[in-house]
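Trainee: So here's structure24.csv (CSV, C-alpha atoms and all ligand atoms).
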chain,number,residue,atom,x,y,z
S,1,MET,CA,-27.0,85.2,-60.6
S,2,PRO,CA,-28.4,83.4,-63.6
S,3,VAL,CA,-31.0,85.5,-65.5
S,4,LYS,CA,-34.6,84.2,-65.5
S,5,VAL,CA,-36.0,83.4,-68.9
S,6,ALA,CA,-39.6,82.6,-69.8
S,7,VAL,CA,-40.6,80.8,-73.0
S,8,ASN,CA,-44.0,82.0,-74.2
S,9,GLY,CA,-45.3,79.3,-76.7
S,10,TYR,CA,-44.0,75.8,-76.4
S,11,GLY,CA,-44.1,74.3,-79.9
S,12,THR,CA,-41.3,73.4,-82.4
S,13,ILE,CA,-39.1,76.3,-81.5
S,14,GLY,CA,-40.2,77.0,-78.0
S,15,LYS,CA,-39.5,73.5,-76.7
S,16,ARG,CA,-36.0,73.5,-78.2
S,17,VAL,CA,-35.2,77.0,-76.8
S,18,ALA,CA,-36.5,75.9,-73.4
S,19,ASP,CA,-34.2,72.8,-73.4
S,20,ALA,CA,-31.3,75.0,-74.6
S,21,ILE,CA,-31.8,77.5,-71.8
S,22,ARG,CA,-31.7,74.7,-69.3
S,23,ARG,CA,-28.3,73.9,-70.5
S,24,GLN,CA,-26.8,77.4,-70.0
S,25,LYS,CA,-25.0,78.1,-66.7
S,26,ASP,CA,-25.9,81.8,-66.8
S,27,MET,CA,-29.7,81.3,-67.4
S,28,VAL,CA,-32.6,79.7,-65.6
S,29,LEU,CA,-35.9,78.6,-67.2
S,30,VAL,CA,-38.8,80.0,-65.1
S,31,GLY,CA,-41.4,78.3,-67.2
S,32,VAL,CA,-43.1,77.6,-70.6
S,33,SER,CA,-46.6,78.2,-71.8
S,34,LYS,CA,-49.2,76.4,-73.9
S,35,THR,CA,-52.7,77.2,-75.0
S,36,GLN,CA,-53.8,73.5,-75.0
S,37,PRO,CA,-52.9,70.3,-73.3
S,38,SER,CA,-50.9,67.9,-75.6
S,39,PHE,CA,-48.2,65.3,-75.5
S,40,GLU,CA,-45.7,68.3,-75.6
S,41,ALA,CA,-47.3,69.9,-72.6
S,42,ALA,CA,-47.1,66.5,-70.7
S,43,GLU,CA,-43.5,66.2,-71.7
S,44,ALA,CA,-42.8,69.7,-70.3
S,45,VAL,CA,-44.3,68.7,-67.0
S,46,ARG,CA,-42.4,65.4,-67.0
S,47,LYS,CA,-39.1,67.4,-67.5
S,48,GLY,CA,-40.0,69.6,-64.5
S,49,TYR,CA,-40.7,72.8,-66.5
S,50,PRO,CA,-43.3,74.9,-64.8
S,51,LEU,CA,-46.3,75.0,-67.2
S,52,TYR,CA,-48.3,78.2,-67.7
S,53,LEU,CA,-51.5,78.9,-69.5
S,54,ALA,CA,-50.9,80.9,-72.8
S,55,GLY,CA,-53.3,83.1,-74.8
S,56,LYS,CA,-56.9,82.2,-74.7
S,57,GLY,CA,-56.2,78.7,-73.3
S,58,LYS,CA,-58.8,77.1,-70.9
S,59,PRO,CA,-57.5,75.9,-67.5
S,60,GLU,CA,-60.3,73.3,-67.3
S,61,GLU,CA,-58.8,71.5,-70.4
S,62,PHE,CA,-55.5,71.2,-68.6
S,63,ALA,CA,-57.2,70.0,-65.4
S,64,ALA,CA,-59.1,67.3,-67.4
S,65,ALA,CA,-55.7,66.1,-68.8
S,66,HIS,CA,-54.2,66.1,-65.2
S,67,LEU,CA,-51.6,68.6,-66.3
S,68,PRO,CA,-50.9,71.0,-63.4
S,69,LEU,CA,-50.7,74.7,-64.3
S,70,ALA,CA,-48.3,77.0,-62.4
S,71,GLY,CA,-50.4,80.1,-63.4
S,72,THR,CA,-51.0,82.3,-66.4
S,73,ALA,CA,-48.4,83.4,-69.0
S,74,GLU,CA,-48.6,86.9,-67.6
S,75,GLU,CA,-47.6,85.6,-64.1
S,76,MET,CA,-44.8,83.6,-65.7
S,77,ILE,CA,-43.6,86.7,-67.6
S,78,ARG,CA,-43.8,88.9,-64.4
S,79,SER,CA,-41.4,86.4,-62.7
S,80,ALA,CA,-38.8,86.6,-65.5
S,81,ASP,CA,-36.0,89.0,-66.6
S,82,ILE,CA,-36.6,88.3,-70.3
S,83,VAL,CA,-39.2,86.4,-72.4
S,84,VAL,CA,-38.6,84.4,-75.6
S,85,ASP,CA,-41.8,84.6,-77.6
S,86,ALA,CA,-42.2,81.4,-79.6
S,87,ALA,CA,-45.9,81.7,-80.4
S,88,PRO,CA,-47.1,80.9,-83.9
S,89,ASP,CA,-46.5,83.4,-86.8
S,90,LYS,CA,-48.1,86.8,-86.2
S,91,ILE,CA,-49.2,85.9,-82.6
S,92,GLY,CA,-45.9,87.4,-81.2
S,93,ARG,CA,-47.1,90.8,-82.3
S,94,ASP,CA,-50.3,90.3,-80.4
S,95,ASN,CA,-48.3,89.3,-77.3
S,96,LEU,CA,-46.2,92.6,-77.6
S,97,ALA,CA,-48.9,94.5,-75.7
S,98,LEU,CA,-48.5,92.1,-72.7
S,99,TYR,CA,-44.7,92.5,-72.8
S,100,ASN,CA,-45.1,96.3,-72.9
S,101,ARG,CA,-47.5,96.2,-70.0
S,102,VAL,CA,-45.1,94.1,-67.9
S,103,GLY,CA,-42.1,96.1,-69.1
S,104,ILE,CA,-40.0,93.0,-69.9
S,105,PRO,CA,-37.4,92.6,-72.7
S,106,ALA,CA,-38.6,90.3,-75.4
S,107,ILE,CA,-37.2,88.2,-78.2
S,108,PHE,CA,-39.4,87.4,-81.1
S,109,GLN,CA,-39.1,84.8,-83.9
S,110,GLY,CA,-38.9,85.1,-87.7
S,111,GLY,CA,-42.6,84.6,-88.2
S,112,GLU,CA,-43.1,88.2,-87.1
S,113,LYS,CA,-42.6,91.2,-89.3
S,114,ALA,CA,-39.2,93.0,-88.7
S,115,ASP,CA,-40.9,96.1,-87.2
S,116,VAL,CA,-42.1,94.1,-84.2
S,117,ALA,CA,-38.6,94.7,-82.8
S,118,GLU,CA,-35.8,97.3,-82.7
S,119,VAL,CA,-33.3,95.0,-84.4
S,120,SER,CA,-33.3,91.7,-86.4
S,121,PHE,CA,-30.6,89.4,-85.0
S,122,SER,CA,-28.1,86.8,-86.2
S,123,ALA,CA,-25.3,86.1,-83.7
S,124,LEU,CA,-22.4,86.0,-86.2
S,125,SER,CA,-23.6,89.2,-87.9
S,126,ASN,CA,-24.8,91.9,-85.5
S,127,PHE,CA,-24.5,90.8,-81.9
S,128,ALA,CA,-23.2,94.2,-80.9
S,129,GLU,CA,-26.2,96.0,-82.4
S,130,CYS,CA,-28.5,94.1,-80.1
S,131,GLN,CA,-26.6,94.7,-76.9
S,132,GLY,CA,-28.9,96.4,-74.4
S,133,LYS,CA,-32.0,96.3,-76.7
S,134,LYS,CA,-35.5,95.6,-75.3
S,135,ARG,CA,-37.1,94.1,-78.5
S,136,VAL,CA,-35.1,91.8,-80.7
S,137,ARG,CA,-36.3,89.5,-83.5
S,138,VAL,CA,-34.3,86.3,-84.2
S,139,VAL,CA,-34.7,86.0,-88.0
S,140,SER,CA,-36.3,82.9,-89.6
S,141,CYS,CA,-34.5,79.6,-90.3
S,142,ASN,CA,-33.8,80.5,-93.9
S,143,THR,CA,-32.7,84.0,-93.1
S,144,THR,CA,-30.4,82.8,-90.3
S,145,GLY,CA,-28.8,80.4,-92.8
S,146,LEU,CA,-28.2,83.1,-95.3
S,147,ALA,CA,-27.1,85.7,-92.8
S,148,ARG,CA,-24.5,83.3,-91.3
S,149,ALA,CA,-23.2,82.6,-94.8
S,150,ALA,CA,-23.1,86.4,-95.5
S,151,SER,CA,-21.0,86.8,-92.2
S,152,VAL,CA,-18.4,84.6,-93.8
S,153,LEU,CA,-18.4,86.0,-97.3
S,154,LEU,CA,-18.8,89.7,-96.8
S,155,PRO,CA,-15.8,90.6,-94.7
S,156,ARG,CA,-13.4,88.3,-96.6
S,157,PHE,CA,-14.4,88.4,-100.2
S,158,GLY,CA,-17.1,91.1,-100.6
S,159,VAL,CA,-20.4,90.5,-102.4
S,160,GLU,CA,-21.3,92.3,-105.6
S,161,TRP,CA,-24.7,90.4,-105.8
S,162,TRP,CA,-26.2,87.2,-104.6
S,163,ASP,CA,-28.9,85.1,-106.1
S,164,ALA,CA,-30.3,82.3,-104.1
S,165,THR,CA,-33.0,79.7,-104.7
S,166,LEU,CA,-34.6,78.2,-101.6
S,167,ILE,CA,-36.0,74.7,-101.8
S,168,ARG,CA,-38.2,74.8,-98.7
S,169,ARG,CA,-39.5,71.9,-96.7
S,170,GLY,CA,-43.3,71.5,-97.0
S,171,ALA,CA,-43.9,71.0,-93.2
S,172,ASP,CA,-42.2,70.2,-89.9
S,173,PRO,CA,-42.3,66.4,-89.2
S,174,PRO,CA,-45.3,66.6,-86.8
S,175,GLU,CA,-47.4,68.9,-89.0
S,176,SER,CA,-49.5,66.2,-90.7
S,177,HIS,CA,-52.2,68.8,-91.6
S,178,ARG,CA,-49.8,70.5,-94.1
S,179,GLY,CA,-48.8,69.6,-97.6
S,180,PRO,CA,-47.9,69.3,-100.3
S,181,ILE,CA,-48.2,65.6,-100.4
S,182,ASN,CA,-46.9,65.2,-104.0
S,183,GLY,CA,-45.9,68.4,-105.8
S,184,ILE,CA,-43.5,71.3,-106.1
S,185,LEU,CA,-45.1,74.7,-105.3
S,186,PRO,CA,-43.4,77.8,-106.6
S,187,THR,CA,-43.8,80.8,-104.3
S,188,PHE,CA,-45.4,83.4,-106.5
S,189,LEU,CA,-43.8,86.3,-104.7
S,190,LEU,CA,-40.9,87.2,-107.0
S,191,PRO,CA,-38.4,87.7,-105.6
S,192,SER,CA,-39.4,85.9,-102.3
S,193,HIS,CA,-39.5,87.7,-98.9
S,194,HIS,CA,-36.3,86.0,-97.7
S,195,GLY,CA,-33.9,88.4,-99.5
S,196,PRO,CA,-35.5,91.5,-98.0
S,197,ASP,CA,-35.4,89.7,-94.6
S,198,VAL,CA,-31.6,89.2,-94.9
S,199,ARG,CA,-31.4,93.0,-95.6
S,200,THR,CA,-32.9,93.6,-92.1
S,201,ILE,CA,-29.5,92.5,-91.0
S,202,TYR,CA,-27.3,93.5,-94.0
S,203,PRO,CA,-29.1,96.6,-95.4
S,204,ASP,CA,-26.7,97.1,-98.3
S,205,LEU,CA,-26.4,93.4,-99.4
S,206,LYS,CA,-27.7,92.9,-103.0
S,207,ILE,CA,-29.3,89.6,-102.4
S,208,ASN,CA,-32.4,88.3,-104.2
S,209,THR,CA,-34.1,85.0,-103.5
S,210,THR,CA,-36.8,82.9,-105.1
S,211,ALA,CA,-38.4,79.9,-103.3
S,212,LEU,CA,-40.2,76.6,-103.9
S,213,VAL,CA,-41.9,74.3,-101.4
S,214,VAL,CA,-41.3,70.6,-101.8
S,215,PRO,CA,-42.8,67.5,-100.1
S,216,THR,CA,-40.1,66.9,-97.5
S,217,THR,CA,-40.0,67.5,-93.7
S,218,LEU,CA,-36.3,67.1,-93.1
S,219,MET,CA,-34.5,70.4,-94.1
S,220,HIS,CA,-34.5,73.3,-96.5
S,221,VAL,CA,-31.7,73.5,-99.2
S,222,HIS,CA,-30.4,76.8,-100.6
S,223,VAL,CA,-28.9,77.0,-104.1
S,224,ASN,CA,-26.6,80.0,-104.1
S,225,HIS,CA,-24.8,82.0,-106.8
S,226,VAL,CA,-22.7,84.8,-105.4
S,227,ARG,CA,-20.7,87.3,-107.5
S,228,LEU,CA,-17.7,88.2,-105.2
S,229,THR,CA,-16.0,91.6,-105.4
S,230,HIS,CA,-12.6,90.3,-104.1
S,231,PRO,CA,-12.6,86.6,-105.1
S,232,PRO,CA,-9.9,84.4,-103.6
S,233,GLY,CA,-7.7,82.3,-106.0
S,234,GLU,CA,-9.3,79.0,-105.3
S,235,THR,CA,-12.4,77.3,-103.9
S,236,LYS,CA,-10.3,75.9,-101.0
S,237,GLU,CA,-10.0,79.4,-99.5
S,238,VAL,CA,-13.8,79.7,-99.3
S,239,LEU,CA,-14.0,76.2,-97.8
S,240,ASP,CA,-11.3,77.2,-95.2
S,241,ALA,CA,-13.3,80.3,-94.3
S,242,LEU,CA,-16.5,78.3,-93.8
S,243,ARG,CA,-14.7,75.6,-91.8
S,244,SER,CA,-13.1,78.1,-89.5
S,245,THR,CA,-16.4,79.7,-88.6
S,246,PRO,CA,-18.6,78.5,-85.7
S,247,ARG,CA,-22.0,77.0,-86.7
S,248,PHE,CA,-20.9,75.7,-90.1
S,249,HIS,CA,-20.5,72.0,-90.8
S,250,VAL,CA,-18.9,71.1,-94.1
S,251,PHE,CA,-19.1,67.4,-95.2
S,252,ALA,CA,-16.0,66.0,-97.0
S,253,ALA,CA,-16.6,64.0,-100.2
S,254,TRP,CA,-15.4,60.8,-98.5
S,255,GLU,CA,-18.3,61.0,-96.0
S,256,HIS,CA,-20.8,60.1,-98.8
S,257,VAL,CA,-23.4,62.5,-97.6
S,258,GLU,CA,-25.6,62.7,-100.7
S,259,GLY,CA,-28.3,65.0,-99.4
S,260,THR,CA,-30.5,65.8,-96.5
S,261,PRO,CA,-31.4,62.2,-95.6
S,262,GLN,CA,-27.8,61.4,-94.7
S,263,VAL,CA,-27.5,64.8,-92.8
S,264,ILE,CA,-30.3,63.7,-90.6
S,265,GLU,CA,-28.9,60.2,-90.2
S,266,TYR,CA,-25.6,61.8,-89.2
S,267,ALA,CA,-27.4,63.9,-86.6
S,268,ARG,CA,-29.0,60.7,-85.2
S,269,ASP,CA,-25.7,58.9,-85.1
S,270,ARG,CA,-23.9,61.7,-83.3
S,271,GLY,CA,-26.6,61.6,-80.7
S,272,SER,CA,-28.2,65.0,-81.4
S,273,ASN,CA,-31.3,65.5,-79.4
S,274,ARG,CA,-34.4,65.2,-81.7
S,275,HIS,CA,-31.8,64.8,-84.6
S,276,ASP,CA,-31.3,68.6,-84.5
S,277,VAL,CA,-28.7,70.2,-86.7
S,278,MET,CA,-28.0,73.7,-85.5
S,279,GLU,CA,-25.2,74.4,-88.0
S,280,ASN,CA,-25.4,75.5,-91.6
S,281,VAL,CA,-24.6,72.3,-93.5
S,282,LEU,CA,-22.5,72.4,-96.7
S,283,TRP,CA,-20.8,69.9,-98.9
S,284,GLU,CA,-17.2,70.2,-100.0
S,285,ASN,CA,-18.3,69.0,-103.4
S,286,GLY,CA,-21.1,71.5,-103.3
S,287,VAL,CA,-18.9,74.6,-103.2
S,288,ARG,CA,-17.3,75.9,-106.4
S,289,LEU,CA,-15.5,79.1,-107.3
S,290,ASP,CA,-15.5,80.0,-111.0
S,291,GLY,CA,-13.6,83.3,-111.3
S,292,ALA,CA,-15.6,85.8,-109.3
S,293,ASP,CA,-18.7,83.5,-109.2
S,294,LEU,CA,-19.2,81.4,-106.1
S,295,TYR,CA,-21.7,78.5,-106.3
S,296,PHE,CA,-22.7,76.6,-103.2
S,297,PHE,CA,-25.5,74.5,-101.7
S,298,GLN,CA,-26.4,74.7,-98.0
S,299,ALA,CA,-28.9,72.8,-96.0
S,300,ILE,CA,-30.7,74.3,-93.1
S,301,HIS,CA,-32.5,72.4,-90.4
S,302,GLN,CA,-35.6,74.6,-90.0
S,303,GLU,CA,-36.6,73.3,-86.5
S,304,SER,CA,-33.3,74.0,-84.7
S,305,VAL,CA,-31.1,76.4,-86.6
S,306,VAL,CA,-32.4,79.5,-84.7
S,307,VAL,CA,-32.1,77.9,-81.3
S,308,PRO,CA,-28.5,79.0,-80.5
S,309,GLU,CA,-29.3,82.5,-81.9
S,310,ASN,CA,-32.1,82.8,-79.3
S,311,ILE,CA,-29.6,82.0,-76.6
S,312,ASP,CA,-27.1,84.6,-77.9
S,313,ALA,CA,-29.9,87.2,-78.2
S,314,VAL,CA,-30.6,86.8,-74.5
S,315,ARG,CA,-26.9,87.3,-73.8
S,316,ALA,CA,-26.7,90.4,-76.1
S,317,MET,CA,-29.8,92.0,-74.7
S,318,LEU,CA,-28.9,91.5,-71.0
S,319,GLY,CA,-25.2,92.1,-71.3
S,320,LEU,CA,-24.1,88.6,-70.3
S,321,ALA,CA,-21.3,88.4,-72.8
S,322,PRO,CA,-18.9,91.2,-73.9
S,323,ASP,CA,-18.8,90.1,-77.6
S,324,PRO,CA,-20.3,87.6,-80.0
S,325,GLN,CA,-17.3,85.2,-79.8
S,326,THR,CA,-17.7,84.7,-76.1
S,327,SER,CA,-21.5,84.2,-76.3
S,328,ILE,CA,-21.2,81.8,-79.3
S,329,ARG,CA,-18.6,79.8,-77.5
S,330,LEU,CA,-20.7,79.5,-74.3
S,331,THR,CA,-23.8,78.6,-76.2
S,332,ASP,CA,-22.2,76.1,-78.5
S,333,GLU,CA,-20.3,74.4,-75.6
S,334,ALA,CA,-23.5,74.0,-73.7
S,335,LEU,CA,-25.5,72.7,-76.7
S,336,GLY,CA,-22.8,70.3,-77.9
S,337,ILE,CA,-22.2,72.2,-81.2
S,338,ALA,CA,-18.6,71.4,-82.2
S,339,PRO,CA,-16.2,74.3,-82.4
S,340,PRO,CA,-14.5,75.1,-85.8
P,1,LIG,P1,-45.6,76.0,-83.3
P,1,LIG,O1,-47.0,76.1,-83.8
P,1,LIG,O2,-44.9,74.7,-83.4
P,1,LIG,O3,-45.7,76.4,-81.8
P,1,LIG,C1,-46.3,77.5,-81.3
P,1,LIG,C2,-46.7,77.3,-79.8
P,1,LIG,O4,-47.3,78.6,-79.4
P,1,LIG,C3,-47.7,76.3,-79.6
P,1,LIG,O5,-47.3,75.5,-78.5
P,1,LIG,C4,-49.0,77.0,-79.2
P,1,LIG,O6,-49.7,76.3,-78.2
P,1,LIG,C5,-48.4,78.3,-78.6
P,1,LIG,N1,-49.3,79.4,-78.7
P,1,LIG,C6,-50.5,79.6,-79.4
P,1,LIG,N2,-51.0,80.8,-79.1
P,1,LIG,C7,-50.2,81.4,-78.2
P,1,LIG,C8,-50.2,82.7,-77.6
P,1,LIG,N3,-51.2,83.5,-77.8
P,1,LIG,N4,-49.2,83.0,-76.7
P,1,LIG,C9,-48.2,82.1,-76.5
P,1,LIG,N5,-48.2,80.9,-77.1
P,1,LIG,C10,-49.1,80.5,-77.9
P,1,LIG,O7,-44.8,77.1,-84.0
P,1,LIG,P2,-43.2,77.1,-84.3
P,1,LIG,O8,-43.0,76.4,-85.6
P,1,LIG,O9,-42.5,76.8,-83.1
P,1,LIG,O10,-43.0,78.7,-84.7
P,1,LIG,C11,-42.9,79.7,-83.7
P,1,LIG,C12,-42.2,80.9,-84.3
P,1,LIG,O11,-40.9,80.5,-84.7
P,1,LIG,C13,-42.9,81.5,-85.5
P,1,LIG,O12,-42.7,82.9,-85.6
P,1,LIG,C14,-42.2,80.8,-86.7
P,1,LIG,O13,-42.2,81.5,-87.9
P,1,LIG,C15,-40.7,80.8,-86.1
P,1,LIG,N6,-39.9,79.8,-86.8
P,1,LIG,C16,-40.3,78.5,-87.0
P,1,LIG,C17,-39.5,77.6,-87.6
P,1,LIG,C18,-40.0,76.2,-88.0
P,1,LIG,O14,-39.5,75.6,-88.9
P,1,LIG,N7,-41.0,75.6,-87.3
P,1,LIG,C19,-38.2,77.9,-87.9
P,1,LIG,C20,-37.7,79.2,-87.6
P,1,LIG,C21,-38.6,80.1,-87.0
Step by step, read the file and then write its structure as structure tokens.
Ligand code: NAD

Mentor:
Amino acid sequence: MPVKVAVNGYGTIGKRVADAIRRQKDMVLVGVSKTQPSFEAAEAVRKGYPLYLAGKGKPEEFAAAHLPLAGTAEEMIRSADIVVDAAPDKIGRDNLALYNRVGIPAIFQGGEKADVAEVSFSALSNFAECQGKKRVRVVSCNTTGLARAASVLLPRFGVEWWDATLIRRGADPPESHRGPINGILPTFLLPSHHGPDVRTIYPDLKINTTALVVPTTLMHVHVNHVRLTHPPGETKEVLDALRSTPRFHVFAAWEHVEGTPQVIEYARDRGSNRHDVMENVLWENGVRLDGADLYFFQAIHQESVVVPENIDAVRAMLGLAPDPQTSIRLTDEALGIAPP
């Protein structure tokens, strides 16, 4: 019997997670919820997703927009085995009381503080730790990207320390109300919150991050400098490790991918839904080992990188896969993410 999954909050992350659930053989989507009618709500109805009323939404607004509601978010959640909360930052914590009342396992997103859940999750890092848990937080897009890279480097080469600068996209493509329009905004929290967030998964990792926000909507880019404790002899060994790990895509020099615009164009050409790129993206020419010092760039598609992790979190929590490899393979096959 497939498990019944509800998606509470149908925005950038929620709509992608809902689509991803629909593609898994061992899961069924019982519904999605929204606070207001919108083109996204209409699209959910068109796709046949039962639409429920979230938060303080007004049913009469949906009636006026001729969007049929299947009930309230609470009713949706009561009919499910697990809920993925994809409400805006900090609202997930407010929704926790509802999940506690209903007694349903819940997955939260990276916009919530770590203590909203028992465990922070990244599939390549700590799948086993999340098995059977009732409250799991899938870490943010940037933290997912860093944790995945840590899952490659730590077991093979060790990390003495890691210094990363995050060049963060200013907004998601539809967020016309956000800036900056023309500028680079340093994040005056030094170091930034991302390093501590990675340590919710790797408590002993000496990672520090700083961040800047730039006027782009396509992707984030991380500039990494890692001191390895057991460095390999040459850069190629690091590239081989990355290339042999699921959810990494390394562009070769001959592909002429100069930066994030070509990454997105590549995603369009390969037919990715919404030009999503769920892998960590690296460039062969953008990885260099100098003694024990590893330098690498990686690009992270903020809108979609956490989607496969949400699917794996469902499997870990409900015992649908014995190990991370099985879950990752099932998820990636269903989502069309190429195996290594
Ligand atoms: P969003 O604003 O695009 O979508 C949020 C949705 O939740 C909207 O549809 C809204 O109607 C709905 N909502 C509002 N109040 C609600 C409530 N009380 N209960 C249920 N739903 C409610 O937000 P998003 O970008 O999808 O972010 C969702 C979460 O994912 C946040 O924690 C965020 O930090 C995290 N996240 C976002 C990104 C990104 O780049 N957008 C990347 C990784 C993680």

Trainee: Point out the residue among S:Pro339, S:Pro191, S:Tyr99, S:Gln325 with the least atom-to-atom distance to S:Ser244, counting all atoms listed in the file.

Mentor: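 Under the stated criterion, the closest residue is S:Pro339.
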
Trainee: Please check which protein, DNA or RNA residues sit within 9 Å of ligand LIG 1 (chain P), counting all atoms listed in the file, and write them as an MDAnalysis selection string.

Mentor: chainID S and resid 7:16 32:38 40:41 53:57 73 85:92 94:95 108:112 138:144 169 171:172 174:175 219 301:307

Trainee: Can you spit out the residues from that selection as a compact mmCIF listing (two decimals), keeping the file's coordinate frame, using C-alpha atoms?

Mentor:
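Wrote it out as again10.txt, contents follow:
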# COMPACT_ATOMS: atom_id res chain seq x y z
CA VAL S 7 -40.60 80.80 -73.00
CA ASN S 8 -44.00 82.00 -74.20
CA GLY S 9 -45.30 79.30 -76.70
CA TYR S 10 -44.00 75.80 -76.40
CA GLY S 11 -44.10 74.30 -79.90
CA THR S 12 -41.30 73.40 -82.40
CA ILE S 13 -39.10 76.30 -81.50
CA GLY S 14 -40.20 77.00 -78.00
CA LYS S 15 -39.50 73.50 -76.70
CA ARG S 16 -36.00 73.50 -78.20
CA VAL S 32 -43.10 77.60 -70.60
CA SER S 33 -46.60 78.20 -71.80
CA LYS S 34 -49.20 76.40 -73.90
CA THR S 35 -52.70 77.20 -75.00
CA GLN S 36 -53.80 73.50 -75.00
CA PRO S 37 -52.90 70.30 -73.30
CA SER S 38 -50.90 67.90 -75.60
CA GLU S 40 -45.70 68.30 -75.60
CA ALA S 41 -47.30 69.90 -72.60
CA LEU S 53 -51.50 78.90 -69.50
CA ALA S 54 -50.90 80.90 -72.80
CA GLY S 55 -53.30 83.10 -74.80
CA LYS S 56 -56.90 82.20 -74.70
CA GLY S 57 -56.20 78.70 -73.30
CA ALA S 73 -48.40 83.40 -69.00
CA ASP S 85 -41.80 84.60 -77.60
CA ALA S 86 -42.20 81.40 -79.60
CA ALA S 87 -45.90 81.70 -80.40
CA PRO S 88 -47.10 80.90 -83.90
CA ASP S 89 -46.50 83.40 -86.80
CA LYS S 90 -48.10 86.80 -86.20
CA ILE S 91 -49.20 85.90 -82.60
CA GLY S 92 -45.90 87.40 -81.20
CA ASP S 94 -50.30 90.30 -80.40
CA ASN S 95 -48.30 89.30 -77.30
CA PHE S 108 -39.40 87.40 -81.10
CA GLN S 109 -39.10 84.80 -83.90
CA GLY S 110 -38.90 85.10 -87.70
CA GLY S 111 -42.60 84.60 -88.20
CA GLU S 112 -43.10 88.20 -87.10
CA VAL S 138 -34.30 86.30 -84.20
CA VAL S 139 -34.70 86.00 -88.00
CA SER S 140 -36.30 82.90 -89.60
CA CYS S 141 -34.50 79.60 -90.30
CA ASN S 142 -33.80 80.50 -93.90
CA THR S 143 -32.70 84.00 -93.10
CA THR S 144 -30.40 82.80 -90.30
CA ARG S 169 -39.50 71.90 -96.70
CA ALA S 171 -43.90 71.00 -93.20
CA ASP S 172 -42.20 70.20 -89.90
CA PRO S 174 -45.30 66.60 -86.80
CA GLU S 175 -47.40 68.90 -89.00
CA MET S 219 -34.50 70.40 -94.10
CA HIS S 301 -32.50 72.40 -90.40
CA GLN S 302 -35.60 74.60 -90.00
CA GLU S 303 -36.60 73.30 -86.50
CA SER S 304 -33.30 74.00 -84.70
CA VAL S 305 -31.10 76.40 -86.60
CA VAL S 306 -32.40 79.50 -84.70
CA VAL S 307 -32.10 77.90 -81.30

Trainee: Please determine, counting only C-alpha atoms, which residue among S:Leu67, S:Gly336, S:Thr200, S:Val221 has the shortest atom-to-atom distance to S:Arg270.

Mentor: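 Of S:Leu67, S:Gly336, S:Thr200, S:Val221, the one nearest S:Arg270, counting only C-alpha atoms, is S:Gly336.
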
Trainee: Would you please work out which residue, of S:Ala292, S:Leu282, S:Val119, S:Leu212, is nearest to S:Gly158 when using only C-alpha atoms?

Mentor: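 Looking at the shortest contact to S:Gly158, the residue is S:Ala292.
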
Trainee: To one decimal in Å, tell me the separation between atom CA of S:Asn273 and atom CA of S:Arg22.

Mentor: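 For atom CA of S:Asn273 relative to atom CA of S:Arg22, the distance reads 13.7 Å.
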
Trainee: Counting all atoms listed in the file, find residues at most 9 Å from (-35.7, 93.6, -71.7) (file frame) and give them as JSON, numbers by chain.

Mentor: {"S": [81, 82, 83, 103, 104, 105, 106, 107, 132, 133, 134, 135, 314, 317, 318]}

Trainee: How many Å lie between atom CA of S:Thr187 and atom CA of S:Tyr295, rounded to one decimal?

Mentor: 22.3 Å

Trainee: Within 12 Å of (-14.6, 79.0, -93.0) (coordinates as in the file), grab all the protein and nucleic acid residues, counting all atoms listed in the file, and write them out as a PyMOL selection string.

Mentor: chain S and resi 148-153+155-157+235-250+280+282+284+287+339-340

Trainee: Find, counting only C-alpha atoms, the residue in S:His275, S:Arg288, S:His177, S:His194 that gets nearest to S:Arg227.

Mentor: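 Closest to S:Arg227 of all the choices is S:Arg288.
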
Trainee: Find the residue from S:Gly145, S:Gly233, S:Pro186, S:Thr217 that sits nearest to S:Val281; use only C-alpha atoms when measuring.

Mentor: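 Residue with the minimum atom-to-atom distance to S:Val281: S:Gly145.
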
Trainee: Which one of S:Thr210, S:Gln298, S:Asn100, S:Thr229 sits closest to S:Ala117 if you count only C-alpha atoms?

Mentor: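 Closest to S:Ala117, using only C-alpha atoms: S:Asn100.
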
Trainee: Would you kindly return, as a PDB file with C-alpha atoms, in the frame of the given file, each protein, DNA or RNA residue with an atom no farther than 8 Å from any atom of stretch 256-264 of chain S, considering only C-alpha atoms and excluding same-chain residues fewer than 6 positions away?

Mentor:
ATOM      1  CA  LEU S 218     -36.300  67.100 -93.100  1.00  0.00           C
ATOM      2  CA  MET S 219     -34.500  70.400 -94.100  1.00  0.00           C
ATOM      3  CA  HIS S 275     -31.800  64.800 -84.600  1.00  0.00           C
ATOM      4  CA  ASP S 276     -31.300  68.600 -84.500  1.00  0.00           C
ATOM      5  CA  VAL S 277     -28.700  70.200 -86.700  1.00  0.00           C
ATOM      6  CA  TRP S 283     -20.800  69.900 -98.900  1.00  0.00           C
ATOM      7  CA  ALA S 299     -28.900  72.800 -96.000  1.00  0.00           C
TER       8      ALA S 299
END

Trainee: In Å to one decimal, how far is atom CA of S:Ile207 from atom CA of S:Leu146?

Mentor: 9.7 Å
